[in-house]
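**Q** Attaching a single structure in structure tokens format; questions to follow.
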Amino acid sequence: MIQPSSVFSNLTVSLGERSYPIVIGRHLLDDSDFARYVPGKRIAIVTNTVVAPLYLQRLLDMLGAAGKSCISIVLPDGEEEKNAANLMRIFDALLEHKCDRKTTLLALGGGVIGDMTGFAAATYMRGVPFVQVPTTLLAQVDSSVGGKTAINHPLGKNMIGAFYQPQAVLADTATLASLPDRELSAGMAEVIKHGAIIDAPFFDWLEANIVKLMARDDAALAYAIQRSCEIKADVVRQDEREGGLRAILNFGHTFAHAIEAGMGYGTWLHGEAVGCGMVMAADLSERLGFLSASDKARIIALVQAAGLPVTAPDLGAERWLDLMEVDKKNEDGKIKFILLKPLGQSIITGAPAEFVRATLAACTQADK
Ligand code: NAD
Ligand code: GLY
């Protein structure tokens with residue numbers, strides 16, 4: 001059924017001539033008015049086997065009503081599918097349909113589809129226009145914004161990719177209604193991250209509203225998405241290609257990427273690994289004297305209240321360190337961490353090996 005659309009917020013990622021809007025609202029997919037954010041006449045929609053039955057026809061109708069001609073590329077679902085074989089499938093379909101440089105690639109789905117489609121857009125014919133239509137909480141609060149695109153390599157997460165900004169992000173929060181609870185929790189990890197690294201009042205707000213958020217209260221979710229996008233857009237504006245500041249968006253990710261690769265992509269959801277990784281980074285921050293025990297406890301409690309794991313898998317210390325040595329932030333073979341100093345502010349730093357080993361030992365035990 002067609003529902004009236006409403007826009008909660010319309011933000012801009014300010015990057016000079018590469019600036020673009022983030023439109024956050026309900027039922028955007030039911031309103032052909034929003035097709036104006038999708039440049040070009042020919043659109044290649046990339047999605048997956050889970051999202052296609054839910055939202056592809058609505059998007060086709062919406063773009064069709066605005067006079068656009070579309071093809072659809074439906075990939076298998078899952079983090080383990082964020083790979084070179086599926087990237088090649090996108091190229092195969094684009095070439096088979098004789099898509100040219102003016103064809104716009106549109107990602108309809110979560111972060112996996114968004115990252116992979118973005119990388120295809122960055123490289124097909126040396127770059128074609130790209131639009132993000134994120135349908136998971138994680139993608140609406142984080143991955144669709146900022147232009148990081150990538151596929152995984154068996155030896156490391158997101159190792160093959162490019163910085164390539166979309167022309168627009170259209171976040172229809174009504175799509176979150178079909179999101180499984182586990183995926184809602186995964187998205188909440190990146191929301192918590194934004195408060196922890198840079199915005200203590202937002203962290204306080206999250207503590208006060210976590211029950212509403214997990215109950216999918218519309219207004220609470222809309223605010224969490226908007227504030228997350230504001231925070232991310234501001235960081236990206238200051239440091240688009242991660243010369244420095246942008247690395248703080250990787251809080252918890254040094255540990256998380258090791259969990260994802262170490263357990264096998266798709267075993268832990270990315271957001272679950274980030275939730276646990278933030279607990280580990282908080283533990284290391286406390287050991288180094290940067291964070292109080294009570295603030296570490298607040299982080300653990302909020303991550304837990306979001307339904308995320310707080311105990312790390314026991315990969316064995318050597319394997320953990322080996323995996324963390326393959327991280328894009330590392331320099332001269334030294335592992336870099338994003339730590340809290342204090343809650344609401346972050347620093348990018350190395351850490352003495354004995355402290356890292358102590359964190360690994362403490363966080364792989366159930367009793368903290
Ligand atoms: P995902 O894309 O795998 O989506 C999660 C699951 O939800 C999938 O099964 C998907 O098919 C399904 N789904 C999507 N929308 C749905 C809907 N509306 N209703 C029901 N099911 C739906 O995972 P994700 O959590 O969205 O994204 C994780 C990925 O994002 C990781 O690969 C991570 O590395 C990447 N990421 C990228 C950035 C970035 O800046 N580019 C930031 C954070 C994370
Ligand atoms: N998710 C980390 C970044 O966009 O920089």
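Naming scheme: A, B, ... for chains in displayed order of the structure tokens; residues 1 onward per chain; ligands 1 onward as shown.
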Considering only C-alpha atoms, return as a list in words whatever protein or nucleic-acid residues lie within 10 Å of Phe163 in chain A, sequence-local ones (same chain, fewer than 2 positions apart) excluded.

**A**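 Once the nearby chain positions are removed, what remains is Gly118, Phe119, Ala122, Gly146, Gly147, Lys148, Thr149, Ala150, Gly161, Gln165, Pro166, Glu240, Arg241 and Glu242 of chain A.
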
**Q** Taking only C-alpha atoms and all ligand atoms into account, list the residues no farther than 10 Å from ligand 2, as a ChimeraX atom specification.

**A** /A:138-139,141-149,163,190,193,232-233,235-236,239-242,245-251,253

**Q** What would the file look like if the residues just selected were written as a PDB file, in the first residue's frame with C-alpha atoms?

**A**
```pdb
ATOM      1  CA  LEU A 138      23.805   0.109  10.469  1.00  0.00           C
ATOM      2  CA  ALA A 139      23.777   1.380   6.900  1.00  0.00           C
ATOM      3  CA  VAL A 141      23.669   5.514  10.645  1.00  0.00           C
ATOM      4  CA  ASP A 142      27.093   4.738   9.238  1.00  0.00           C
ATOM      5  CA  SER A 143      28.062   2.807   6.117  1.00  0.00           C
ATOM      6  CA  SER A 144      26.007   4.743   3.534  1.00  0.00           C
ATOM      7  CA  VAL A 145      27.639   8.026   4.584  1.00  0.00           C
ATOM      8  CA  GLY A 146      31.222   9.058   3.921  1.00  0.00           C
ATOM      9  CA  GLY A 147      32.274   7.262   0.760  1.00  0.00           C
ATOM     10  CA  LYS A 148      34.235   4.286   2.079  1.00  0.00           C
ATOM     11  CA  THR A 149      33.681   1.431  -0.357  1.00  0.00           C
ATOM     12  CA  PHE A 163      37.054   6.399  -1.276  1.00  0.00           C
ATOM     13  CA  GLU A 190      27.642   2.106  15.449  1.00  0.00           C
ATOM     14  CA  LYS A 193      30.179   4.379  18.876  1.00  0.00           C
ATOM     15  CA  LYS A 232      29.683  11.211  10.797  1.00  0.00           C
ATOM     16  CA  ALA A 233      29.121  13.935   8.166  1.00  0.00           C
ATOM     17  CA  VAL A 235      34.011  14.054  10.775  1.00  0.00           C
ATOM     18  CA  VAL A 236      34.069  13.191   7.055  1.00  0.00           C
ATOM     19  CA  ASP A 239      38.982  14.444   7.029  1.00  0.00           C
ATOM     20  CA  GLU A 240      37.448  12.721   4.017  1.00  0.00           C
ATOM     21  CA  ARG A 241      40.335  10.329   3.280  1.00  0.00           C
ATOM     22  CA  GLU A 242      41.313   9.481   6.863  1.00  0.00           C
ATOM     23  CA  LEU A 245      40.652  12.481  12.616  1.00  0.00           C
ATOM     24  CA  ARG A 246      38.415  10.091  10.633  1.00  0.00           C
ATOM     25  CA  ALA A 247      40.191   7.111  12.183  1.00  0.00           C
ATOM     26  CA  ILE A 248      38.189   7.756  15.393  1.00  0.00           C
ATOM     27  CA  LEU A 249      35.174   6.291  13.548  1.00  0.00           C
ATOM     28  CA  ASN A 250      37.070   3.021  13.870  1.00  0.00           C
ATOM     29  CA  PHE A 251      36.602   2.879  17.662  1.00  0.00           C
ATOM     30  CA  HIS A 253      37.069  -1.842  14.947  1.00  0.00           C
TER      31      HIS A 253
END
```

**Q** Per residue of chain A within 6 Å of ligand 1, note the shortest atom pair and the distance in Å to one decimal, counting only C-alpha atoms and all ligand atoms, and order the rows by chain and increasing residue number, as a Markdown table.

**A**
```
| residue | atom | partner | partner_atom_place_in_ligand_line | distance |
| --- | --- | --- | --- | --- |
| A:Val50 | CA | ligand 1 | 11 (O) | 4.7 |
| A:Val51 | CA | ligand 1 | 11 (O) | 5.5 |
| A:Asp77 | CA | ligand 1 | 11 (O) | 5.3 |
| A:Gly78 | CA | ligand 1 | 3 (O) | 4.9 |
| A:Glu79 | CA | ligand 1 | 3 (O) | 5.3 |
| A:Gly109 | CA | ligand 1 | 14 (C) | 4.9 |
| A:Gly110 | CA | ligand 1 | 2 (O) | 3.2 |
| A:Gly111 | CA | ligand 1 | 27 (O) | 3.2 |
| A:Val112 | CA | ligand 1 | 2 (O) | 3.8 |
| A:Ile113 | CA | ligand 1 | 2 (O) | 5.6 |
| A:Asp115 | CA | ligand 1 | 41 (N) | 5.4 |
| A:Thr135 | CA | ligand 1 | 15 (N) | 4.3 |
| A:Thr136 | CA | ligand 1 | 15 (N) | 4.5 |
| A:Leu138 | CA | ligand 1 | 26 (O) | 5.0 |
| A:Ala139 | CA | ligand 1 | 26 (O) | 4.9 |
| A:Asp142 | CA | ligand 1 | 42 (C) | 5.1 |
| A:Ser143 | CA | ligand 1 | 38 (C) | 3.5 |
| A:Lys148 | CA | ligand 1 | 41 (N) | 4.2 |
| A:Thr149 | CA | ligand 1 | 41 (N) | 5.2 |
| A:Thr175 | CA | ligand 1 | 18 (N) | 4.5 |
| A:Leu176 | CA | ligand 1 | 18 (N) | 4.9 |
| A:Ser178 | CA | ligand 1 | 19 (N) | 4.1 |
| A:Leu179 | CA | ligand 1 | 19 (N) | 3.8 |
| A:Glu183 | CA | ligand 1 | 5 (C) | 6.0 |
| A:His270 | CA | ligand 1 | 28 (C) | 5.4 |
```

**Q** Store the residues of this selection in a file with N, CA and C atoms, as a PDB file, in the first residue's frame.

**A**
```pdb
ATOM      1  N   VAL A  50      17.612 -11.128  -0.075  1.00  0.00           N
ATOM      2  CA  VAL A  50      16.734 -10.864   1.078  1.00  0.00           C
ATOM      3  C   VAL A  50      15.969  -9.554   0.876  1.00  0.00           C
ATOM      4  N   VAL A  51      16.664  -8.545   0.402  1.00  0.00           N
ATOM      5  CA  VAL A  51      16.065  -7.206   0.289  1.00  0.00           C
ATOM      6  C   VAL A  51      15.179  -7.098  -0.960  1.00  0.00           C
ATOM      7  N   ASP A  77      23.084 -13.060  -0.391  1.00  0.00           N
ATOM      8  CA  ASP A  77      23.113 -12.270   0.845  1.00  0.00           C
ATOM      9  C   ASP A  77      24.258 -12.707   1.759  1.00  0.00           C
ATOM     10  N   GLY A  78      24.836 -11.767   2.486  1.00  0.00           N
ATOM     11  CA  GLY A  78      25.749 -12.134   3.573  1.00  0.00           C
ATOM     12  C   GLY A  78      27.123 -11.487   3.461  1.00  0.00           C
ATOM     13  N   GLU A  79      27.728 -11.296   4.639  1.00  0.00           N
ATOM     14  CA  GLU A  79      29.067 -10.697   4.710  1.00  0.00           C
ATOM     15  C   GLU A  79      30.082 -11.521   3.915  1.00  0.00           C
ATOM     16  N   GLY A 109      20.083  -1.789   0.088  1.00  0.00           N
ATOM     17  CA  GLY A 109      20.370  -2.851   1.053  1.00  0.00           C
ATOM     18  C   GLY A 109      21.178  -2.332   2.220  1.00  0.00           C
ATOM     19  N   GLY A 110      21.838  -3.260   2.905  1.00  0.00           N
ATOM     20  CA  GLY A 110      22.659  -2.910   4.053  1.00  0.00           C
ATOM     21  C   GLY A 110      24.073  -2.539   3.644  1.00  0.00           C
ATOM     22  N   GLY A 111      24.973  -2.575   4.620  1.00  0.00           N
ATOM     23  CA  GLY A 111      26.345  -2.141   4.382  1.00  0.00           C
ATOM     24  C   GLY A 111      27.106  -3.008   3.395  1.00  0.00           C
ATOM     25  N   VAL A 112      26.763  -4.284   3.338  1.00  0.00           N
ATOM     26  CA  VAL A 112      27.475  -5.174   2.408  1.00  0.00           C
ATOM     27  C   VAL A 112      27.194  -4.733   0.973  1.00  0.00           C
ATOM     28  N   ILE A 113      25.913  -4.575   0.649  1.00  0.00           N
ATOM     29  CA  ILE A 113      25.536  -4.139  -0.705  1.00  0.00           C
ATOM     30  C   ILE A 113      26.060  -2.725  -0.963  1.00  0.00           C
ATOM     31  N   ASP A 115      28.706  -1.110   0.362  1.00  0.00           N
ATOM     32  CA  ASP A 115      30.167  -1.057   0.192  1.00  0.00           C
ATOM     33  C   ASP A 115      30.586  -1.642  -1.165  1.00  0.00           C
ATOM     34  N   THR A 135      19.053   0.179   3.903  1.00  0.00           N
ATOM     35  CA  THR A 135      17.844  -0.417   4.492  1.00  0.00           C
ATOM     36  C   THR A 135      18.095  -1.103   5.833  1.00  0.00           C
ATOM     37  N   THR A 136      19.343  -1.060   6.344  1.00  0.00           N
ATOM     38  CA  THR A 136      19.577  -1.539   7.719  1.00  0.00           C
ATOM     39  C   THR A 136      19.871  -0.323   8.594  1.00  0.00           C
ATOM     40  N   LEU A 138      22.362  -0.127  10.575  1.00  0.00           N
ATOM     41  CA  LEU A 138      23.805   0.109  10.469  1.00  0.00           C
ATOM     42  C   LEU A 138      24.126   0.951   9.235  1.00  0.00           C
ATOM     43  N   ALA A 139      23.483   0.636   8.127  1.00  0.00           N
ATOM     44  CA  ALA A 139      23.777   1.380   6.900  1.00  0.00           C
ATOM     45  C   ALA A 139      23.224   2.804   6.985  1.00  0.00           C
ATOM     46  N   ASP A 142      25.648   4.786   9.398  1.00  0.00           N
ATOM     47  CA  ASP A 142      27.093   4.738   9.238  1.00  0.00           C
ATOM     48  C   ASP A 142      27.539   4.448   7.805  1.00  0.00           C
ATOM     49  N   SER A 143      27.319   3.212   7.316  1.00  0.00           N
ATOM     50  CA  SER A 143      28.062   2.807   6.117  1.00  0.00           C
ATOM     51  C   SER A 143      27.658   3.543   4.849  1.00  0.00           C
ATOM     52  N   LYS A 148      33.319   5.442   2.031  1.00  0.00           N
ATOM     53  CA  LYS A 148      34.235   4.286   2.079  1.00  0.00           C
ATOM     54  C   LYS A 148      33.559   3.123   1.376  1.00  0.00           C
ATOM     55  N   THR A 149      34.241   2.565   0.386  1.00  0.00           N
ATOM     56  CA  THR A 149      33.681   1.431  -0.357  1.00  0.00           C
ATOM     57  C   THR A 149      34.723   0.323  -0.352  1.00  0.00           C
ATOM     58  N   THR A 175      11.768   1.099   6.224  1.00  0.00           N
ATOM     59  CA  THR A 175      12.327  -0.214   5.862  1.00  0.00           C
ATOM     60  C   THR A 175      12.849  -0.958   7.095  1.00  0.00           C
ATOM     61  N   LEU A 176      13.073  -0.226   8.187  1.00  0.00           N
ATOM     62  CA  LEU A 176      13.608  -0.895   9.380  1.00  0.00           C
ATOM     63  C   LEU A 176      12.570  -1.812  10.031  1.00  0.00           C
ATOM     64  N   SER A 178      11.107  -4.297   8.860  1.00  0.00           N
ATOM     65  CA  SER A 178      11.315  -5.720   8.528  1.00  0.00           C
ATOM     66  C   SER A 178      12.677  -6.235   8.998  1.00  0.00           C
ATOM     67  N   LEU A 179      13.455  -5.379   9.647  1.00  0.00           N
ATOM     68  CA  LEU A 179      14.813  -5.770  10.044  1.00  0.00           C
ATOM     69  C   LEU A 179      14.763  -6.715  11.249  1.00  0.00           C
ATOM     70  N   GLU A 183      19.822  -7.712  13.766  1.00  0.00           N
ATOM     71  CA  GLU A 183      20.403  -6.686  12.891  1.00  0.00           C
ATOM     72  C   GLU A 183      20.183  -5.281  13.470  1.00  0.00           C
ATOM     73  N   HIS A 270      28.925  -7.762  11.701  1.00  0.00           N
ATOM     74  CA  HIS A 270      29.892  -6.668  11.869  1.00  0.00           C
ATOM     75  C   HIS A 270      29.562  -5.850  13.132  1.00  0.00           C
TER      76      HIS A 270
END
```

**Q** Hey, what's within 9 Å of Arg357 in chain A if we count only C-alpha atoms and toss same-chain stuff fewer than 4 positions away? As a PyMOL selection string, please?

**A** chain A and resi 317+321+352-353+361-362

**Q** Next, write the just-selected residues to a file, as a PDB file, in the first residue's frame, keeping all heavy atoms as the atom set.

**A**
```
ATOM      1  N   ALA A 317      45.807 -15.633  22.040  1.00  0.00           N
ATOM      2  CA  ALA A 317      46.442 -14.306  21.974  1.00  0.00           C
ATOM      3  C   ALA A 317      47.258 -14.121  20.701  1.00  0.00           C
ATOM      4  O   ALA A 317      47.212 -13.050  20.075  1.00  0.00           O
ATOM      5  CB  ALA A 317      47.312 -14.096  23.213  1.00  0.00           C
ATOM      6  N   LEU A 321      46.666 -11.202  17.870  1.00  0.00           N
ATOM      7  CA  LEU A 321      47.663 -10.182  17.511  1.00  0.00           C
ATOM      8  C   LEU A 321      47.977 -10.250  16.023  1.00  0.00           C
ATOM      9  O   LEU A 321      48.093  -9.221  15.351  1.00  0.00           O
ATOM     10  CB  LEU A 321      48.929 -10.372  18.350  1.00  0.00           C
ATOM     11  CG  LEU A 321      48.710 -10.103  19.849  1.00  0.00           C
ATOM     12  CD1 LEU A 321      49.921 -10.548  20.664  1.00  0.00           C
ATOM     13  CD2 LEU A 321      48.405  -8.632  20.108  1.00  0.00           C
ATOM     14  N   PRO A 352      51.318  -0.503  24.745  1.00  0.00           N
ATOM     15  CA  PRO A 352      52.313  -1.528  25.076  1.00  0.00           C
ATOM     16  C   PRO A 352      51.708  -2.929  25.009  1.00  0.00           C
ATOM     17  O   PRO A 352      50.564  -3.143  25.423  1.00  0.00           O
ATOM     18  CB  PRO A 352      52.723  -1.173  26.512  1.00  0.00           C
ATOM     19  CG  PRO A 352      52.311   0.253  26.693  1.00  0.00           C
ATOM     20  CD  PRO A 352      51.129   0.478  25.819  1.00  0.00           C
ATOM     21  N   ALA A 353      52.509  -3.878  24.494  1.00  0.00           N
ATOM     22  CA  ALA A 353      52.001  -5.238  24.236  1.00  0.00           C
ATOM     23  C   ALA A 353      51.412  -5.871  25.486  1.00  0.00           C
ATOM     24  O   ALA A 353      50.390  -6.574  25.415  1.00  0.00           O
ATOM     25  CB  ALA A 353      53.127  -6.095  23.677  1.00  0.00           C
ATOM     26  N   ALA A 361      43.107 -11.107  27.468  1.00  0.00           N
ATOM     27  CA  ALA A 361      42.835 -12.129  28.494  1.00  0.00           C
ATOM     28  C   ALA A 361      41.555 -11.790  29.253  1.00  0.00           C
ATOM     29  O   ALA A 361      40.691 -12.654  29.453  1.00  0.00           O
ATOM     30  CB  ALA A 361      44.025 -12.233  29.448  1.00  0.00           C
ATOM     31  N   ALA A 362      41.406 -10.518  29.648  1.00  0.00           N
ATOM     32  CA  ALA A 362      40.250 -10.138  30.470  1.00  0.00           C
ATOM     33  C   ALA A 362      38.945 -10.238  29.679  1.00  0.00           C
ATOM     34  O   ALA A 362      37.923 -10.671  30.220  1.00  0.00           O
ATOM     35  CB  ALA A 362      40.437  -8.710  30.980  1.00  0.00           C
TER      36      ALA A 362
END
```

**Q** CA of Leu106 in chain A and CA of Asp218 in chain A are how many Å apart?

**A**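 If I compute the distance from CA of Leu106 in chain A to CA of Asp218 in chain A, I get 25.7 Å.
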
**Q** Find the residues around Leu291 in chain A up to 8 Å (only C-alpha atoms counted), leave out those fewer than 6 positions away in its own chain, and share them as a PyMOL selection string.

**A** chain A and resi 282+285+340-343

**Q** Could you pull out the strand (DSSP E or B) residues of range 15-97 of chain A from DSSP and send them as a PyMOL selection string?

**A** chain A and resi 20-26+42-48+69-75

**Q** Calculate how many Å separate CA of Arg287 in chain A from CA of Leu323 in chain A, rounding to one decimal.

**A**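 Atom-to-atom, CA of Arg287 in chain A to CA of Leu323 in chain A, that is 21.6 Å.
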
**Q** Which one is closest to Leu184 in chain A: A:Thr267, A:Ser6, A:Gln140, A:Ser294? Count only C-alpha atoms.

**A**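 Checking each candidate against Leu184 in chain A, we get A:Gln140 as the closest.
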
**Q** How far is it from CA of Ser9 in chain A to CA of Leu206 in chain A, in Å with one decimal?

**A**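 Going from CA of Ser9 in chain A over to CA of Leu206 in chain A, I get 19.2 Å.
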
**Q** As number ranges by chain, please: every residue in range 274-320 of chain A that DSSP puts in alpha helix (DSSP H).

**A** A: 274-287, 293-305, 317-320

**Q** Save out the residues we just selected, N, CA, C and O atoms, as a short mmCIF file (atom, residue, chain, number, x, y, z; two decimals), in the first residue's frame.

**A**
```cif
data_model
loop_
_atom_site.label_atom_id
_atom_site.label_comp_id
_atom_site.auth_asym_id
_atom_site.auth_seq_id
_atom_site.Cartn_x
_atom_site.Cartn_y
_atom_site.Cartn_z
N VAL A 274 31.68 -5.07 16.48
CA VAL A 274 31.99 -3.69 16.90
C VAL A 274 31.55 -3.48 18.36
O VAL A 274 32.28 -2.86 19.15
N GLY A 275 30.38 -4.01 18.73
CA GLY A 275 29.92 -3.88 20.12
C GLY A 275 30.95 -4.46 21.08
O GLY A 275 31.39 -3.81 22.04
N CYS A 276 31.38 -5.69 20.80
CA CYS A 276 32.36 -6.35 21.66
C CYS A 276 33.72 -5.63 21.57
O CYS A 276 34.41 -5.45 22.57
N GLY A 277 34.05 -5.17 20.36
CA GLY A 277 35.32 -4.45 20.17
C GLY A 277 35.37 -3.16 20.97
O GLY A 277 36.43 -2.75 21.46
N MET A 278 34.21 -2.49 21.12
CA MET A 278 34.18 -1.25 21.92
C MET A 278 34.41 -1.56 23.39
O MET A 278 35.07 -0.78 24.10
N VAL A 279 33.86 -2.68 23.85
CA VAL A 279 34.11 -3.10 25.24
C VAL A 279 35.61 -3.35 25.43
O VAL A 279 36.21 -2.94 26.45
N MET A 280 36.23 -3.99 24.44
CA MET A 280 37.67 -4.30 24.54
C MET A 280 38.49 -3.01 24.50
O MET A 280 39.46 -2.84 25.26
N ALA A 281 38.09 -2.08 23.63
CA ALA A 281 38.82 -0.80 23.55
C ALA A 281 38.63 0.00 24.84
O ALA A 281 39.55 0.70 25.29
N ALA A 282 37.44 -0.11 25.44
CA ALA A 282 37.20 0.58 26.72
C ALA A 282 38.08 -0.04 27.81
O ALA A 282 38.65 0.67 28.65
N ASP A 283 38.20 -1.34 27.77
CA ASP A 283 39.05 -2.03 28.76
C ASP A 283 40.50 -1.56 28.61
O ASP A 283 41.17 -1.23 29.60
N LEU A 284 40.98 -1.49 27.37
CA LEU A 284 42.36 -1.04 27.15
C LEU A 284 42.52 0.43 27.57
O LEU A 284 43.54 0.81 28.17
N SER A 285 41.51 1.23 27.28
CA SER A 285 41.55 2.65 27.68
C SER A 285 41.67 2.76 29.20
O SER A 285 42.44 3.58 29.72
N GLU A 286 40.94 1.92 29.92
CA GLU A 286 40.99 1.97 31.38
C GLU A 286 42.37 1.54 31.88
O GLU A 286 42.97 2.17 32.75
N ARG A 287 42.90 0.46 31.29
CA ARG A 287 44.22 -0.04 31.71
C ARG A 287 45.31 1.02 31.53
O ARG A 287 46.26 1.10 32.30
N ALA A 293 36.86 3.50 35.66
CA ALA A 293 36.20 2.19 35.74
C ALA A 293 34.69 2.37 35.59
O ALA A 293 34.01 1.53 34.97
N SER A 294 34.14 3.47 36.13
CA SER A 294 32.68 3.64 36.05
C SER A 294 32.25 3.93 34.61
O SER A 294 31.20 3.45 34.17
N ASP A 295 33.06 4.67 33.86
CA ASP A 295 32.68 4.91 32.45
C ASP A 295 32.84 3.65 31.61
O ASP A 295 32.06 3.40 30.69
N LYS A 296 33.85 2.83 31.93
CA LYS A 296 33.95 1.55 31.22
C LYS A 296 32.69 0.71 31.52
O LYS A 296 32.11 0.10 30.60
N ALA A 297 32.27 0.73 32.76
CA ALA A 297 31.06 -0.04 33.13
C ALA A 297 29.83 0.49 32.38
O ALA A 297 28.95 -0.29 31.97
N ARG A 298 29.77 1.80 32.17
CA ARG A 298 28.63 2.38 31.42
C ARG A 298 28.65 1.87 29.98
O ARG A 298 27.60 1.57 29.40
N ILE A 299 29.83 1.78 29.41
CA ILE A 299 29.92 1.31 28.02
C ILE A 299 29.46 -0.15 27.95
O ILE A 299 28.65 -0.52 27.09
N ILE A 300 29.95 -0.97 28.87
CA ILE A 300 29.56 -2.38 28.86
C ILE A 300 28.04 -2.50 29.02
O ILE A 300 27.38 -3.25 28.29
N ALA A 301 27.48 -1.71 29.93
CA ALA A 301 26.03 -1.79 30.19
C ALA A 301 25.23 -1.39 28.96
O ALA A 301 24.21 -2.02 28.63
N LEU A 302 25.67 -0.33 28.27
CA LEU A 302 24.90 0.13 27.10
C LEU A 302 25.01 -0.87 25.94
O LEU A 302 24.02 -1.16 25.27
N VAL A 303 26.20 -1.40 25.75
CA VAL A 303 26.39 -2.40 24.69
C VAL A 303 25.49 -3.62 24.98
O VAL A 303 24.81 -4.15 24.09
N GLN A 304 25.48 -4.02 26.24
CA GLN A 304 24.66 -5.17 26.64
C GLN A 304 23.16 -4.87 26.47
O GLN A 304 22.41 -5.70 25.96
N ALA A 305 22.77 -3.65 26.85
CA ALA A 305 21.35 -3.28 26.73
C ALA A 305 20.90 -3.23 25.26
O ALA A 305 19.72 -3.39 24.96
N ALA A 317 45.81 -15.63 22.04
CA ALA A 317 46.44 -14.31 21.97
C ALA A 317 47.26 -14.12 20.70
O ALA A 317 47.21 -13.05 20.07
N GLU A 318 48.01 -15.15 20.30
CA GLU A 318 48.89 -14.96 19.12
C GLU A 318 48.06 -14.72 17.86
O GLU A 318 48.40 -13.87 17.04
N ARG A 319 46.96 -15.47 17.74
CA ARG A 319 46.09 -15.30 16.57
C ARG A 319 45.43 -13.91 16.59
O ARG A 319 45.34 -13.24 15.57
N TRP A 320 45.00 -13.51 17.77
CA TRP A 320 44.43 -12.15 17.91
C TRP A 320 45.42 -11.12 17.38
O TRP A 320 45.08 -10.24 16.58
#
```

**Q** Looking at A:Leu54, A:Ile151, A:Val46, A:Cys229, which one is nearest to Ala107 in chain A, with distances taken over only C-alpha atoms?

**A**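 Counting only C-alpha atoms, the residue closest to Ala107 in chain A is A:Val46.
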